[in-house]
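Reproduced below: model.cif, with mmCIF, C-alpha atoms and all ligand atoms.
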data_target
#
loop_
_atom_site.group_PDB
_atom_site.id
_atom_site.type_symbol
_atom_site.label_atom_id
_atom_site.label_comp_id
_atom_site.auth_asym_id
_atom_site.auth_seq_id
_atom_site.Cartn_x
_atom_site.Cartn_y
_atom_site.Cartn_z
ATOM 1 C CA MET A 175 0.000 0.000 0.000
ATOM 2 C CA LYS A 176 0.981 3.621 -0.515
ATOM 3 C CA ILE A 177 1.317 6.056 2.382
ATOM 4 C CA PHE A 178 1.510 9.818 2.120
ATOM 5 C CA LEU A 179 3.797 11.562 4.640
ATOM 6 C CA LYS A 180 3.787 15.241 5.479
ATOM 7 C CA TYR A 181 6.726 16.721 7.408
ATOM 8 C CA PRO A 182 6.239 20.024 9.197
ATOM 9 C CA ARG A 183 8.939 22.596 8.615
ATOM 10 C CA ASN A 184 10.770 21.975 11.908
ATOM 11 C CA LEU A 185 11.328 18.301 11.016
ATOM 12 C CA LEU A 186 12.550 18.796 7.469
ATOM 13 C CA THR A 187 16.258 18.451 8.262
ATOM 14 C CA LYS A 188 15.884 15.431 10.533
ATOM 15 C CA PRO A 189 16.666 11.962 9.127
ATOM 16 C CA ILE A 190 13.441 10.489 10.517
ATOM 17 C CA LEU A 191 12.613 8.102 7.687
ATOM 18 C CA SER A 192 16.102 6.636 7.459
ATOM 19 C CA SER A 193 16.249 6.178 11.247
ATOM 20 C CA ILE A 194 12.947 4.297 11.229
ATOM 21 C CA ILE A 195 14.095 2.082 8.375
ATOM 22 C CA LEU A 196 17.312 1.279 10.259
ATOM 23 C CA LYS A 197 15.537 0.636 13.554
ATOM 24 C CA THR A 198 12.578 -1.377 12.284
ATOM 25 C CA LYS A 199 14.262 -3.007 9.259
ATOM 26 C CA LEU A 200 11.033 -2.503 7.340
ATOM 27 C CA ASP A 201 11.203 -2.705 3.585
ATOM 28 C CA ILE A 202 10.093 0.743 2.385
ATOM 29 C CA ASN A 203 10.083 2.043 -1.158
ATOM 30 C CA ILE A 204 10.207 5.856 -1.518
ATOM 31 C CA LEU A 205 8.100 6.761 -4.554
ATOM 32 C CA GLN A 206 8.416 10.533 -4.372
ATOM 33 C CA ALA A 207 9.861 13.217 -2.133
ATOM 34 C CA LYS A 208 9.492 16.967 -2.443
ATOM 35 C CA VAL A 209 9.523 20.162 -0.396
ATOM 36 C CA ALA A 210 6.779 22.645 -1.195
ATOM 37 C CA ASP A 211 5.914 25.765 0.838
ATOM 38 C CA SER A 212 8.330 24.648 3.559
ATOM 39 C CA VAL A 213 6.493 21.356 4.051
ATOM 40 C CA GLY A 214 8.047 18.019 3.146
ATOM 41 C CA GLU A 215 5.913 15.506 1.258
ATOM 42 C CA TYR A 216 6.806 11.892 0.689
ATOM 43 C CA THR A 217 4.917 9.029 -0.830
ATOM 44 C CA ILE A 218 6.161 5.639 0.248
ATOM 45 C CA GLU A 219 5.089 2.084 -0.493
ATOM 46 C CA ILE A 220 5.066 -0.621 2.127
ATOM 47 C CA ASP A 221 3.686 -4.117 2.603
ATOM 48 C CA ASP A 222 0.141 -4.102 4.043
ATOM 49 C CA LYS A 223 1.314 -6.206 7.004
ATOM 50 C CA ASP A 224 3.956 -3.610 7.993
ATOM 51 C CA LYS A 225 1.753 -0.536 7.707
ATOM 52 C CA ASP A 226 0.671 -0.191 11.353
ATOM 53 C CA LYS A 227 4.192 -0.611 12.688
ATOM 54 C CA PHE A 228 5.536 2.009 10.304
ATOM 55 C CA VAL A 229 2.710 4.512 10.782
ATOM 56 C CA ASP A 230 2.976 4.261 14.588
ATOM 57 C CA ALA A 231 6.726 4.852 14.465
ATOM 58 C CA ILE A 232 6.625 7.857 12.148
ATOM 59 C CA ARG A 233 3.637 9.517 13.845
ATOM 60 C CA LYS A 234 5.549 9.359 17.139
ATOM 61 C CA GLU A 235 8.154 11.577 15.461
ATOM 62 C CA GLY A 236 5.528 14.196 14.596
ATOM 63 C CA VAL A 237 5.081 13.327 10.921
ATOM 64 C CA ILE A 238 1.567 13.149 9.475
ATOM 65 C CA ALA A 239 1.005 9.751 7.847
ATOM 66 C CA GLU A 240 -2.111 8.764 5.901
ATOM 67 C CA GLU A 241 -2.896 5.925 3.556
ATOM 68 C CA LEU A 242 -2.999 7.265 -0.004
ATOM 69 C CA LYS A 243 -6.532 6.722 -1.246
ATOM 70 C CA ASP A 244 -7.171 9.745 -3.452
ATOM 71 C CA ARG A 245 -6.668 9.234 -7.150
ATOM 72 C CA ILE A 246 -6.439 11.174 -10.369
ATOM 73 C CA ASN A 247 -9.737 11.757 -12.096
ATOM 74 C CA LEU A 248 -9.837 12.070 -15.880
ATOM 75 C CA GLU A 249 -12.946 13.783 -17.250
ATOM 76 C CA ARG A 250 -13.391 12.090 -20.587
ATOM 77 C CA GLU A 251 -15.694 14.772 -21.972
ATOM 78 C CA LYS A 252 -12.952 17.405 -21.544
ATOM 79 C CA CYS A 253 -10.007 15.280 -22.740
ATOM 80 C CA ILE A 254 -9.011 15.434 -26.407
ATOM 81 C CA ASP A 255 -6.400 12.641 -26.056
ATOM 82 C CA CYS A 256 -3.558 14.964 -27.034
ATOM 83 C CA GLY A 257 -1.152 12.908 -24.882
ATOM 84 C CA ALA A 258 0.557 15.941 -23.296
ATOM 85 C CA CYS A 259 0.127 14.506 -19.811
ATOM 86 C CA VAL A 260 1.295 10.970 -20.572
ATOM 87 C CA SER A 261 5.037 11.540 -20.793
ATOM 88 C CA LEU A 262 5.047 13.635 -17.595
ATOM 89 C CA CYS A 263 3.856 10.825 -15.368
ATOM 90 C CA PRO A 264 6.852 9.377 -13.479
ATOM 91 C CA VAL A 265 5.164 6.040 -12.803
ATOM 92 C CA SER A 266 3.384 5.434 -16.119
ATOM 93 C CA ALA A 267 -0.058 5.765 -14.547
ATOM 94 C CA LEU A 268 -1.255 7.668 -17.634
ATOM 95 C CA VAL A 269 -1.350 5.468 -20.684
ATOM 96 C CA MET A 270 -2.314 5.899 -24.308
ATOM 97 C CA LYS A 271 -4.167 2.908 -25.738
ATOM 98 C CA ASN A 272 -5.794 2.962 -29.132
ATOM 99 C CA PHE A 273 -5.353 6.749 -29.281
ATOM 100 C CA GLU A 274 -7.216 7.199 -26.006
ATOM 101 C CA VAL A 275 -5.637 8.274 -22.707
ATOM 102 C CA GLY A 276 -6.535 6.399 -19.541
ATOM 103 C CA VAL A 277 -5.460 6.357 -15.894
ATOM 104 C CA GLU A 278 -4.113 3.234 -14.192
ATOM 105 C CA ASP A 279 -5.181 4.241 -10.703
ATOM 106 C CA GLU A 280 -3.166 1.731 -8.752
ATOM 107 C CA LYS A 281 0.106 3.159 -10.081
ATOM 108 C CA CYS A 282 -0.615 6.833 -9.338
ATOM 109 C CA ILE A 283 1.446 8.426 -6.534
ATOM 110 C CA LEU A 284 -0.470 11.719 -6.688
ATOM 111 C CA CYS A 285 2.582 13.781 -7.574
ATOM 112 C CA GLY A 286 0.256 16.242 -9.316
ATOM 113 C CA ARG A 287 2.480 16.789 -12.370
ATOM 114 C CA CYS A 288 -0.224 15.914 -14.853
ATOM 115 C CA ILE A 289 -2.873 18.254 -13.430
ATOM 116 C CA ASN A 290 -1.263 21.493 -14.542
ATOM 117 C CA SER A 291 -0.120 20.047 -17.841
ATOM 118 C CA CYS A 292 -3.616 19.604 -19.254
ATOM 119 C CA PRO A 293 -4.690 22.589 -21.344
ATOM 120 C CA PHE A 294 -8.329 21.513 -20.987
ATOM 121 C CA LYS A 295 -8.337 20.990 -17.203
ATOM 122 C CA ALA A 296 -9.462 17.400 -17.682
ATOM 123 C CA LEU A 297 -7.380 16.088 -14.763
ATOM 124 C CA SER A 298 -8.067 16.628 -11.084
ATOM 125 C CA ILE A 299 -7.670 14.871 -7.758
ATOM 126 C CA LYS A 300 -10.512 12.499 -6.963
ATOM 127 C CA LYS A 301 -11.146 12.162 -3.223
ATOM 128 C CA ALA A 302 -11.534 8.663 -1.836
HETATM 129 S S1 LIG B 1 -0.606 12.603 -10.308
HETATM 130 FE FE1 LIG B 1 -0.607 12.371 -12.540
HETATM 131 S S2 LIG B 1 1.557 12.448 -13.107
HETATM 132 FE FE2 LIG B 1 1.504 12.060 -10.903
HETATM 133 S S3 LIG B 1 1.554 9.846 -10.696
HETATM 134 FE FE3 LIG B 1 -0.602 10.390 -10.729
HETATM 135 S S4 LIG B 1 -1.223 10.211 -12.876
HETATM 136 FE FE4 LIG B 1 1.032 10.290 -12.831
HETATM 137 S S1 LIG B 2 -3.275 16.626 -21.424
HETATM 138 FE FE1 LIG B 2 -5.486 16.716 -20.962
HETATM 139 S S2 LIG B 2 -6.475 16.648 -22.976
HETATM 140 FE FE2 LIG B 2 -4.377 15.948 -23.276
HETATM 141 S S3 LIG B 2 -4.489 13.691 -23.041
HETATM 142 FE FE3 LIG B 2 -3.983 14.532 -21.027
HETATM 143 S S4 LIG B 2 -5.968 14.743 -20.005
HETATM 144 FE FE4 LIG B 2 -6.398 14.549 -22.188
#
Before we go any further, please render this structure as structure tokens.
Ligand code: SF4
Ligand code: SF4
Amino acid sequence: MKIFLKYPRNLLTKPILSSIILKTKLDINILQAKVADSVGEYTIEIDDKDKDKFVDAIRKEGVIAEELKDRINLEREKCIDCGACVSLCPVSALVMKNFEVGVEDEKCILCGRCINSCPFKALSIKKA
């Protein structure tokens, strides 16, 4: 499963994630990491069975941790299948098949890159 982490400004320089990985020996895959408006945002992937242990450990450090359930919504009536968004997706969640763009939800890490790229505003975040 994918988990979204939000670091407040005062924790940005602390090696919290690496310390937890070392201490717990959990197998964690970092899918994206960025700092925006002085807040750190990570998306990580972890085995379902390890989720509670990881979330408990990182919340104790003051980091907000939530399961990533929101997805990218593609409004078909607005999309002209130009393909501009497809190459921007870092995880190949946007695919062109038979000249039609589609979203493979399970791959999306909600990085948001595609949203601003669409000249027709056909992409948005769909709340779970
Ligand atoms: S938000 Fe858009 S660009 Fe980012 S992973 Fe999801 S589909 Fe791809
Ligand atoms: S950029 Fe917009 S219009 Fe073009 S394929 Fe993507 S969603 Fe459709």
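Neighbouring residues of segment 265-278 of chain A at 8 Å or closer, counting all atoms listed in the file and skipping chain neighbours under 4 positions away, are A:Ile246, A:Asn247, A:Leu248, A:Asp255, A:Gly257, A:Cys259, A:Val260, A:Ser261, A:Cys282, A:Ile283.
Residues with at least one atom no more than 6 Å from (9.7, 9.5, -2.3), using all atoms listed in the file, are Ile204, Leu205, Gln206, Ala207, Tyr216, Thr217 and Ile218 of chain A.
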Inset, instruction - Can you work out the spacing between atom CA of Arg183 of chain A and atom CA of Ala231 of chain A in Å, to one decimal? - result: 18.8 Å
Inset, instruction - Just the residues within 7 Å of segment 219-230 of chain A, please, counting only C-alpha atoms, with nothing from its chain fewer than 2 positions along; format it as a list in words. - result: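 In the requested form, the answer reads Met175, Lys176, Ile177, Asp201, Ile202, Asn203, Ile204, Leu205, Thr217, Ile232, Arg233, Lys234 and Ala239 of chain A.
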Six-sided padding of 6 Å per side, axis-aligned box over ligand LIG 2 (chain B), centre and edges in Å, one decimal, as AutoDock Vina command-line options:
--center_x -4.9 --center_y 15.2 --center_z -21.6 --size_x 15.2 --size_y 15.0 --size_z 15.3
Legend entry - Proximity to Ala296 of chain A - best of A:Glu251, A:Phe178, A:Glu215, A:Leu200, only C-alpha atoms: A:Glu251
Would you save segment 213-258 of chain A from the block above with N, CA and C atoms, as a PDB file, in the first residue's frame?
ATOM      1  N   VAL A 213       7.034  22.601   3.505  1.00  0.00           N
ATOM      2  CA  VAL A 213       6.493  21.356   4.051  1.00  0.00           C
ATOM      3  C   VAL A 213       7.057  20.211   3.203  1.00  0.00           C
ATOM      4  N   GLY A 214       7.496  19.164   3.881  1.00  0.00           N
ATOM      5  CA  GLY A 214       8.047  18.019   3.146  1.00  0.00           C
ATOM      6  C   GLY A 214       6.959  17.008   2.848  1.00  0.00           C
ATOM      7  N   GLU A 215       6.919  16.497   1.628  1.00  0.00           N
ATOM      8  CA  GLU A 215       5.913  15.506   1.258  1.00  0.00           C
ATOM      9  C   GLU A 215       6.598  14.292   0.653  1.00  0.00           C
ATOM     10  N   TYR A 216       6.267  13.144   1.200  1.00  0.00           N
ATOM     11  CA  TYR A 216       6.806  11.892   0.689  1.00  0.00           C
ATOM     12  C   TYR A 216       5.638  10.971   0.363  1.00  0.00           C
ATOM     13  N   THR A 217       5.828  10.152  -0.635  1.00  0.00           N
ATOM     14  CA  THR A 217       4.917   9.029  -0.830  1.00  0.00           C
ATOM     15  C   THR A 217       5.774   7.774  -0.759  1.00  0.00           C
ATOM     16  N   ILE A 218       5.394   6.878   0.120  1.00  0.00           N
ATOM     17  CA  ILE A 218       6.161   5.639   0.248  1.00  0.00           C
ATOM     18  C   ILE A 218       5.241   4.435  -0.008  1.00  0.00           C
ATOM     19  N   GLU A 219       5.855   3.323  -0.300  1.00  0.00           N
ATOM     20  CA  GLU A 219       5.089   2.084  -0.493  1.00  0.00           C
ATOM     21  C   GLU A 219       5.613   1.050   0.500  1.00  0.00           C
ATOM     22  N   ILE A 220       4.691   0.346   1.102  1.00  0.00           N
ATOM     23  CA  ILE A 220       5.066  -0.621   2.127  1.00  0.00           C
ATOM     24  C   ILE A 220       4.099  -1.797   2.073  1.00  0.00           C
ATOM     25  N   ASP A 221       4.550  -2.940   2.532  1.00  0.00           N
ATOM     26  CA  ASP A 221       3.686  -4.117   2.603  1.00  0.00           C
ATOM     27  C   ASP A 221       2.513  -3.852   3.548  1.00  0.00           C
ATOM     28  N   ASP A 222       1.321  -4.309   3.189  1.00  0.00           N
ATOM     29  CA  ASP A 222       0.141  -4.102   4.043  1.00  0.00           C
ATOM     30  C   ASP A 222       0.407  -4.533   5.489  1.00  0.00           C
ATOM     31  N   LYS A 223       1.110  -5.654   5.659  1.00  0.00           N
ATOM     32  CA  LYS A 223       1.314  -6.206   7.004  1.00  0.00           C
ATOM     33  C   LYS A 223       2.217  -5.312   7.871  1.00  0.00           C
ATOM     34  N   ASP A 224       3.022  -4.463   7.241  1.00  0.00           N
ATOM     35  CA  ASP A 224       3.956  -3.610   7.993  1.00  0.00           C
ATOM     36  C   ASP A 224       3.429  -2.208   8.236  1.00  0.00           C
ATOM     37  N   LYS A 225       2.263  -1.917   7.681  1.00  0.00           N
ATOM     38  CA  LYS A 225       1.753  -0.536   7.707  1.00  0.00           C
ATOM     39  C   LYS A 225       1.609   0.020   9.126  1.00  0.00           C
ATOM     40  N   ASP A 226       0.947  -0.724  10.013  1.00  0.00           N
ATOM     41  CA  ASP A 226       0.671  -0.191  11.353  1.00  0.00           C
ATOM     42  C   ASP A 226       1.960   0.108  12.106  1.00  0.00           C
ATOM     43  N   LYS A 227       2.918  -0.801  11.984  1.00  0.00           N
ATOM     44  CA  LYS A 227       4.192  -0.611  12.688  1.00  0.00           C
ATOM     45  C   LYS A 227       4.885   0.663  12.192  1.00  0.00           C
ATOM     46  N   PHE A 228       4.879   0.842  10.882  1.00  0.00           N
ATOM     47  CA  PHE A 228       5.536   2.009  10.304  1.00  0.00           C
ATOM     48  C   PHE A 228       4.809   3.294  10.670  1.00  0.00           C
ATOM     49  N   VAL A 229       3.491   3.302  10.514  1.00  0.00           N
ATOM     50  CA  VAL A 229       2.710   4.512  10.782  1.00  0.00           C
ATOM     51  C   VAL A 229       2.839   4.915  12.249  1.00  0.00           C
ATOM     52  N   ASP A 230       2.792   3.936  13.162  1.00  0.00           N
ATOM     53  CA  ASP A 230       2.976   4.261  14.588  1.00  0.00           C
ATOM     54  C   ASP A 230       4.322   4.922  14.816  1.00  0.00           C
ATOM     55  N   ALA A 231       5.359   4.352  14.234  1.00  0.00           N
ATOM     56  CA  ALA A 231       6.726   4.852  14.465  1.00  0.00           C
ATOM     57  C   ALA A 231       6.890   6.265  13.919  1.00  0.00           C
ATOM     58  N   ILE A 232       6.371   6.535  12.746  1.00  0.00           N
ATOM     59  CA  ILE A 232       6.625   7.857  12.148  1.00  0.00           C
ATOM     60  C   ILE A 232       5.701   8.916  12.753  1.00  0.00           C
ATOM     61  N   ARG A 233       4.512   8.533  13.170  1.00  0.00           N
ATOM     62  CA  ARG A 233       3.637   9.517  13.845  1.00  0.00           C
ATOM     63  C   ARG A 233       4.232   9.938  15.182  1.00  0.00           C
ATOM     64  N   LYS A 234       4.905   9.011  15.850  1.00  0.00           N
ATOM     65  CA  LYS A 234       5.549   9.359  17.139  1.00  0.00           C
ATOM     66  C   LYS A 234       6.593  10.450  16.951  1.00  0.00           C
ATOM     67  N   GLU A 235       7.133  10.553  15.748  1.00  0.00           N
ATOM     68  CA  GLU A 235       8.154  11.577  15.461  1.00  0.00           C
ATOM     69  C   GLU A 235       7.527  12.906  15.040  1.00  0.00           C
ATOM     70  N   GLY A 236       6.194  12.943  14.947  1.00  0.00           N
ATOM     71  CA  GLY A 236       5.528  14.196  14.596  1.00  0.00           C
ATOM     72  C   GLY A 236       5.193  14.345  13.122  1.00  0.00           C
ATOM     73  N   VAL A 237       5.381  13.278  12.358  1.00  0.00           N
ATOM     74  CA  VAL A 237       5.081  13.327  10.921  1.00  0.00           C
ATOM     75  C   VAL A 237       3.640  12.858  10.698  1.00  0.00           C
ATOM     76  N   ILE A 238       2.934  13.556   9.818  1.00  0.00           N
ATOM     77  CA  ILE A 238       1.567  13.149   9.475  1.00  0.00           C
ATOM     78  C   ILE A 238       1.657  12.002   8.467  1.00  0.00           C
ATOM     79  N   ALA A 239       0.949  10.922   8.730  1.00  0.00           N
ATOM     80  CA  ALA A 239       1.005   9.751   7.847  1.00  0.00           C
ATOM     81  C   ALA A 239      -0.411   9.269   7.566  1.00  0.00           C
ATOM     82  N   GLU A 240      -0.775   9.223   6.284  1.00  0.00           N
ATOM     83  CA  GLU A 240      -2.111   8.764   5.901  1.00  0.00           C
ATOM     84  C   GLU A 240      -1.995   7.819   4.717  1.00  0.00           C
ATOM     85  N   GLU A 241      -2.854   6.820   4.716  1.00  0.00           N
ATOM     86  CA  GLU A 241      -2.896   5.925   3.556  1.00  0.00           C
ATOM     87  C   GLU A 241      -3.350   6.727   2.329  1.00  0.00           C
ATOM     88  N   LEU A 242      -2.683   6.524   1.217  1.00  0.00           N
ATOM     89  CA  LEU A 242      -2.999   7.265  -0.004  1.00  0.00           C
ATOM     90  C   LEU A 242      -4.189   6.605  -0.703  1.00  0.00           C
ATOM     91  N   LYS A 243      -5.337   7.299  -0.625  1.00  0.00           N
ATOM     92  CA  LYS A 243      -6.532   6.722  -1.246  1.00  0.00           C
ATOM     93  C   LYS A 243      -7.021   7.574  -2.411  1.00  0.00           C
ATOM     94  N   ASP A 244      -6.707   8.874  -2.370  1.00  0.00           N
ATOM     95  CA  ASP A 244      -7.171   9.745  -3.452  1.00  0.00           C
ATOM     96  C   ASP A 244      -6.512   9.325  -4.764  1.00  0.00           C
ATOM     97  N   ARG A 245      -7.188   9.628  -5.843  1.00  0.00           N
ATOM     98  CA  ARG A 245      -6.668   9.234  -7.150  1.00  0.00           C
ATOM     99  C   ARG A 245      -6.868  10.357  -8.143  1.00  0.00           C
ATOM    100  N   ILE A 246      -6.262  10.196  -9.300  1.00  0.00           N
ATOM    101  CA  ILE A 246      -6.439  11.174 -10.369  1.00  0.00           C
ATOM    102  C   ILE A 246      -7.716  10.858 -11.150  1.00  0.00           C
ATOM    103  N   ASN A 247      -8.492  11.904 -11.346  1.00  0.00           N
ATOM    104  CA  ASN A 247      -9.737  11.757 -12.096  1.00  0.00           C
ATOM    105  C   ASN A 247      -9.546  12.345 -13.498  1.00  0.00           C
ATOM    106  N   LEU A 248      -9.914  11.591 -14.497  1.00  0.00           N
ATOM    107  CA  LEU A 248      -9.837  12.070 -15.880  1.00  0.00           C
ATOM    108  C   LEU A 248     -11.261  12.258 -16.408  1.00  0.00           C
ATOM    109  N   GLU A 249     -11.604  13.502 -16.708  1.00  0.00           N
ATOM    110  CA  GLU A 249     -12.946  13.783 -17.250  1.00  0.00           C
ATOM    111  C   GLU A 249     -12.902  13.582 -18.761  1.00  0.00           C
ATOM    112  N   ARG A 250     -13.482  12.492 -19.179  1.00  0.00           N
ATOM    113  CA  ARG A 250     -13.391  12.090 -20.587  1.00  0.00           C
ATOM    114  C   ARG A 250     -13.995  13.136 -21.533  1.00  0.00           C
ATOM    115  N   GLU A 251     -15.039  13.807 -21.079  1.00  0.00           N
ATOM    116  CA  GLU A 251     -15.694  14.772 -21.972  1.00  0.00           C
ATOM    117  C   GLU A 251     -14.829  16.008 -22.228  1.00  0.00           C
ATOM    118  N   LYS A 252     -13.844  16.259 -21.341  1.00  0.00           N
ATOM    119  CA  LYS A 252     -12.952  17.405 -21.544  1.00  0.00           C
ATOM    120  C   LYS A 252     -11.684  17.012 -22.296  1.00  0.00           C
ATOM    121  N   CYS A 253     -11.284  15.755 -22.179  1.00  0.00           N
ATOM    122  CA  CYS A 253     -10.007  15.280 -22.740  1.00  0.00           C
ATOM    123  C   CYS A 253     -10.098  15.114 -24.263  1.00  0.00           C
ATOM    124  N   ILE A 254      -9.049  15.616 -24.947  1.00  0.00           N
ATOM    125  CA  ILE A 254      -9.011  15.434 -26.407  1.00  0.00           C
ATOM    126  C   ILE A 254      -7.939  14.409 -26.810  1.00  0.00           C
ATOM    127  N   ASP A 255      -7.391  13.695 -25.807  1.00  0.00           N
ATOM    128  CA  ASP A 255      -6.400  12.641 -26.056  1.00  0.00           C
ATOM    129  C   ASP A 255      -5.163  13.169 -26.793  1.00  0.00           C
ATOM    130  N   CYS A 256      -4.752  14.385 -26.397  1.00  0.00           N
ATOM    131  CA  CYS A 256      -3.558  14.964 -27.034  1.00  0.00           C
ATOM    132  C   CYS A 256      -2.288  14.265 -26.571  1.00  0.00           C
ATOM    133  N   GLY A 257      -2.320  13.644 -25.382  1.00  0.00           N
ATOM    134  CA  GLY A 257      -1.152  12.908 -24.882  1.00  0.00           C
ATOM    135  C   GLY A 257      -0.146  13.762 -24.129  1.00  0.00           C
ATOM    136  N   ALA A 258      -0.417  15.055 -23.958  1.00  0.00           N
ATOM    137  CA  ALA A 258       0.557  15.941 -23.296  1.00  0.00           C
ATOM    138  C   ALA A 258       0.876  15.493 -21.874  1.00  0.00           C
TER     139      ALA A 258
END
